[in-house]
Amino acid sequence: MKNEESVKEALIKKFGSLENLVRIQRERRIFIDDASQDFDRILDFASEELGFSVLCAITGLDDGNRYEFIYHMARPKGEMLNIKIYTPRDGSRIKTITDKFPGAEIFERELTDLLGVKIDGLGEGNRYPLSDDWPKGEYPLRKDWKKKT
Amino acid sequence: MSIVKKIVTWARIKSPWVLHFNTGACNACDIEIVASLTPRFDLERFGVLLKGTPRHADIILCSGPVTKQTKDRLKRVYDQMPEPKFVVAVGTCSCSGGVFHDCYNVESGIDAVIPVSAYIPGCPASPKAIIDGVVKLLQSLEESEK
Amino acid sequence: MRKVVIPIGPQHPALKEPESFSVTLSGERIMAFSARLGYNHRGIEKACEDRSYTQNVYLTERICGICSHAHSTAFVQAVEEIAGIKIPDRASYIRTIISELERIHSHLLWLGVAGHEIGFDTLLMYTWRDREIVMDILAQITGNRVNYGMNTIGGVRRDISEDQKKNILTAMDKLEERTLYYITVATSERTVIERLSGVGVLPHNDAVRLER
């Protein structure tokens, strides 16, 4: 667990606000439980200084009260750092990371289509994965959305 | 019937050409369809040939539940096939929707969009069942032409 | 040379799944490309919310037909971690054996399909004939060729007997010598090299930049 401990120490040393929020789940899996405050700088630090340069996926969840977004970053040896941020449900907005991570575009399009999040900085593009004639304003992955029979 | 019609019917029954179209499936039935053309099961001994375009095909093998995006494409591909044409629904998902029958992006089964001649159930339909289904379809054609 | 836009649409002889690509070519060089995906979207994530945990084990298996065991293992491991269940060692070994057998048949599958795409149909027929050896073993252990319902929350549903063990080992010997032959064919056969070398090259710097 040496590598995971050294990552945790480096993060807490650089960002004091992460004092109790870095958690090692098991070997090769590290979680940052709330990075909403300094998210941009944490992402830059993790990808440039600590070597987590591969973006695997972006997961979006709705837990009833707020939206949670998890950015899964990986290192070549298989260690993963999962960075979570939260936004309130109404008028939820996050910033795009496609300027540094071009491959994030497809995950962000999925979030706008299925959860209805506004993403600042994401240009126009095709819908993914819903069809072109899907009605506007219907976001299937929200907890209060039920299928119309 | 006239001699020309007899020859045409004989050619159609003895050597049907198939087209394979996946309308949103998980891929298991597609792999079983391709596996039934490989040496262990060998559908080609019945004269079946896998073609790439609908305009050359007699039979279309569909797999998968019909999603909202593929509904129009399926109708268009069916219209492009020349008469007489037959539709075979391979797998439980294309017969009735399978495990996905109440999902928000899925219509129920293929027969909501185009008329079906034969149903082959199974999840996935094994190559033996596919061969059995295709042979039964050909035999019923032979019966009806007599 | 003039540019031509070619649609590779949802129904195409080379595709096994529906996807839609629009490729702009100038001669044989690709100038621009756009993709429209999502034809396979069935809404499984939402469907999982309405079903019980046991039903979800079988639903996640049907996300993909070739790698079905991998999806259901991922789901079951997540549930076991949340619930704090520790599974017996033998179950862990059996899950690994099934996963490795699935990996073998999946690699033979794509090798055959790659051969088919470049016009080398003999490779397709040979590799899929040998893939049947693995499918027989899987059918003996689990009862089905694909979508084996082997996982359950807390372990696996069936055991491997001594006879099945002997059959697996004999089959692996046969498969090993055939696979070594395919490796020689794929890497040193002159037709394959002429057809594939120099085609679709991505420079190292671009690969590193786009990896993010």
# chains A, B, ... in the order shown; residues from 1 in each chain; ligands from 1

$ interface_residues --of "chain B" --to "chain A" --cutoff "10 Å" --atoms "only C-alpha atoms" --output "ChimeraX atom specification"
/B:67-70,102-105

$ residues_around --residues "Leu111 in chain C" --least-positions-apart "6" --cutoff "12 Å" --atoms "only C-alpha atoms" --output "ChimeraX atom specification"
/C:104-105,117-118,120-128,130-131,179,182-183,185-187

$ interface_residues --of "chain C" --to "chain A" --cutoff "9 Å" --atoms "only C-alpha atoms" --output "list in words"
Ala35, Arg36, Leu37, Gly38, Tyr39, Asn40, His41, Gly43, Glu45, Lys46, Arg209, Leu210, Glu211 and Arg212 of chain C

$ interface_residues --of "chain B" --to "chain C" --cutoff "8 Å" --atoms "only C-alpha atoms" --output "VMD selection string"
chain B and resid 21 to 30 35 38 to 40 51 to 53 67 to 70 73 99 to 100 102 to 106 123 to 124

$ closest_atom_pairs --of "range 41-102 of chain C" --to "range 154-174 of chain C" --cutoff "9 Å" --atoms "only C-alpha atoms" --output "Markdown table"
| residue | atom | partner | partner_atom | distance |
| --- | --- | --- | --- | --- |
| C:Val76 | CA | C:Gly154 | CA | 8.0 |
| C:Gln77 | CA | C:Gly154 | CA | 8.8 |
| C:Glu80 | CA | C:Gly154 | CA | 6.8 |
| C:Ile85 | CA | C:Gly154 | CA | 6.6 |
| C:Lys86 | CA | C:Gly154 | CA | 7.2 |
| C:Ile87 | CA | C:Gly154 | CA | 5.5 |
| C:Pro88 | CA | C:Gly155 | CA | 7.1 |
| C:Arg90 | CA | C:Gly155 | CA | 8.8 |
| C:Ala91 | CA | C:Gly155 | CA | 5.4 |
| C:Ser92 | CA | C:Gly155 | CA | 7.4 |
| C:Ile94 | CA | C:Val156 | CA | 7.6 |
| C:Arg95 | CA | C:Val156 | CA | 7.3 |

$ write_last_selection --atoms "C-alpha atoms" --output "tab-separated table (two decimals), in the first residue's frame"
chain	number	residue	atom	x	y	z
C	76	VAL	CA	-21.51	-8.88	-8.18
C	77	GLN	CA	-18.15	-7.74	-6.80
C	80	GLU	CA	-20.36	-7.89	-2.25
C	85	ILE	CA	-19.52	-10.35	2.07
C	86	LYS	CA	-16.36	-12.44	1.69
C	87	ILE	CA	-16.65	-15.26	-0.83
C	88	PRO	CA	-14.96	-18.68	-0.43
C	90	ARG	CA	-12.86	-21.95	-4.43
C	91	ALA	CA	-15.54	-19.61	-5.80
C	92	SER	CA	-12.87	-17.03	-6.56
C	94	ILE	CA	-13.90	-20.79	-10.47
C	95	ARG	CA	-14.77	-17.21	-11.43

$ select_by_dssp --residues "chain A" --states "helix (DSSP H, G or I)" --output "PyMOL selection string"
chain A and resi 2-14+16-18+39-48+102-114

$ write_last_selection --atoms "N, CA and C atoms" --output "compact mmCIF listing (two decimals), in the first residue's frame"
# COMPACT_ATOMS: atom_id res chain seq x y z
N LYS A 2 2.14 1.03 -0.32
CA LYS A 2 3.07 2.16 -0.21
C LYS A 2 2.71 3.27 -1.18
N ASN A 3 2.44 2.86 -2.45
CA ASN A 3 2.16 3.88 -3.46
C ASN A 3 0.92 4.67 -3.10
N GLU A 4 -0.13 3.95 -2.64
CA GLU A 4 -1.37 4.65 -2.34
C GLU A 4 -1.17 5.63 -1.20
N GLU A 5 -0.39 5.23 -0.18
CA GLU A 5 -0.16 6.14 0.95
C GLU A 5 0.59 7.39 0.50
N SER A 6 1.57 7.20 -0.41
CA SER A 6 2.35 8.37 -0.83
C SER A 6 1.49 9.33 -1.64
N VAL A 7 0.54 8.80 -2.41
CA VAL A 7 -0.38 9.68 -3.16
C VAL A 7 -1.23 10.48 -2.19
N LYS A 8 -1.75 9.78 -1.16
CA LYS A 8 -2.61 10.46 -0.17
C LYS A 8 -1.85 11.57 0.53
N GLU A 9 -0.58 11.27 0.91
CA GLU A 9 0.20 12.31 1.62
C GLU A 9 0.45 13.50 0.71
N ALA A 10 0.79 13.24 -0.55
CA ALA A 10 1.10 14.35 -1.46
C ALA A 10 -0.12 15.25 -1.65
N LEU A 11 -1.33 14.62 -1.75
CA LEU A 11 -2.54 15.42 -1.96
C LEU A 11 -2.84 16.27 -0.73
N ILE A 12 -2.73 15.68 0.48
CA ILE A 12 -3.08 16.44 1.67
C ILE A 12 -2.06 17.54 1.90
N LYS A 13 -0.79 17.25 1.54
CA LYS A 13 0.24 18.27 1.75
C LYS A 13 -0.03 19.48 0.86
N LYS A 14 -0.46 19.23 -0.39
CA LYS A 14 -0.65 20.34 -1.32
C LYS A 14 -1.97 21.07 -1.06
N GLY A 16 -4.74 21.68 1.71
CA GLY A 16 -5.15 21.48 3.10
C GLY A 16 -6.63 21.15 3.25
N SER A 17 -7.45 21.61 2.27
CA SER A 17 -8.89 21.39 2.42
C SER A 17 -9.26 19.92 2.28
N LEU A 18 -8.31 19.08 1.81
CA LEU A 18 -8.64 17.66 1.61
C LEU A 18 -8.29 16.83 2.83
N PHE A 39 -11.49 22.03 -7.48
CA PHE A 39 -11.46 20.92 -8.44
C PHE A 39 -10.44 21.11 -9.55
N ASP A 40 -10.39 22.31 -10.18
CA ASP A 40 -9.49 22.47 -11.33
C ASP A 40 -8.05 22.22 -10.95
N ARG A 41 -7.64 22.80 -9.78
CA ARG A 41 -6.24 22.67 -9.41
C ARG A 41 -5.92 21.25 -8.98
N ILE A 42 -6.88 20.57 -8.35
CA ILE A 42 -6.64 19.18 -7.95
C ILE A 42 -6.46 18.32 -9.19
N LEU A 43 -7.31 18.56 -10.21
CA LEU A 43 -7.20 17.75 -11.43
C LEU A 43 -5.86 17.97 -12.11
N ASP A 44 -5.42 19.25 -12.18
CA ASP A 44 -4.13 19.52 -12.81
C ASP A 44 -3.00 18.87 -12.04
N PHE A 45 -3.04 18.99 -10.70
CA PHE A 45 -1.98 18.40 -9.88
C PHE A 45 -1.93 16.89 -10.07
N ALA A 46 -3.10 16.25 -10.06
CA ALA A 46 -3.12 14.78 -10.17
C ALA A 46 -2.62 14.33 -11.54
N SER A 47 -3.00 15.07 -12.61
CA SER A 47 -2.63 14.57 -13.93
C SER A 47 -1.21 14.92 -14.28
N GLU A 48 -0.70 16.08 -13.78
CA GLU A 48 0.66 16.44 -14.19
C GLU A 48 1.73 16.00 -13.21
N PRO A 102 -9.15 15.83 -24.35
CA PRO A 102 -10.09 15.81 -25.49
C PRO A 102 -11.04 14.63 -25.48
N GLY A 103 -10.63 13.53 -24.87
CA GLY A 103 -11.49 12.35 -24.87
C GLY A 103 -12.67 12.44 -23.96
N ALA A 104 -12.77 13.54 -23.17
CA ALA A 104 -13.88 13.64 -22.23
C ALA A 104 -15.17 14.04 -22.91
N GLU A 105 -15.09 14.40 -24.21
CA GLU A 105 -16.28 14.94 -24.86
C GLU A 105 -17.44 13.97 -24.85
N ILE A 106 -17.15 12.68 -25.10
CA ILE A 106 -18.26 11.75 -25.23
C ILE A 106 -18.95 11.52 -23.88
N PHE A 107 -18.16 11.55 -22.79
CA PHE A 107 -18.80 11.37 -21.49
C PHE A 107 -19.64 12.57 -21.12
N GLU A 108 -19.15 13.80 -21.50
CA GLU A 108 -19.92 14.99 -21.15
C GLU A 108 -21.19 15.06 -21.96
N ARG A 109 -21.16 14.60 -23.22
CA ARG A 109 -22.41 14.60 -23.99
C ARG A 109 -23.43 13.66 -23.38
N GLU A 110 -22.94 12.52 -22.85
CA GLU A 110 -23.86 11.58 -22.21
C GLU A 110 -24.48 12.22 -20.98
N LEU A 111 -23.70 13.00 -20.21
CA LEU A 111 -24.26 13.65 -19.03
C LEU A 111 -25.32 14.68 -19.41
N THR A 112 -25.08 15.45 -20.48
CA THR A 112 -26.09 16.44 -20.83
C THR A 112 -27.35 15.77 -21.34
N ASP A 113 -27.22 14.66 -22.03
CA ASP A 113 -28.41 14.00 -22.57
C ASP A 113 -29.22 13.27 -21.51
N LEU A 114 -28.53 12.57 -20.62
CA LEU A 114 -29.28 11.70 -19.71
C LEU A 114 -29.61 12.37 -18.39

$ select_by_dssp --residues "range 31-129 of chain A" --states "strand (DSSP E or B)" --output "PyMOL selection string"
chain A and resi 31-32+54-62+66-74+80-88+93-95+118-120

$ residues_around --residues "Cys62 in chain B" --least-positions-apart "3" --cutoff "12 Å" --atoms "only C-alpha atoms" --output "ChimeraX atom specification"
/B:18-25,27,29-30,33,59,65-66,70,74-75,77-78,86-95,109-111,113-120,125,130 /C:11,16-18

$ atom_distance --atom1 "CA of Pro127 in chain B" --atom2 "CA of Leu180 in chain C"
27.9 Å

$ residues_around --residues "Val22 in chain A" --least-positions-apart "2" --cutoff "6 Å" --atoms "only C-alpha atoms" --output "PyMOL selection string"
chain A and resi 20+31-32

$ atom_distance --atom1 "CA of Gln139 in chain B" --atom2 "CA of Lys14 in chain B"
10.0 Å

$ residues_around --residues "Arg28 in chain A" --least-positions-apart "5" --cutoff "8 Å" --atoms "only C-alpha atoms" --output "list of chain:residue names"
A:Met1, A:Glu4, A:Gly78, A:Glu79, A:Met80
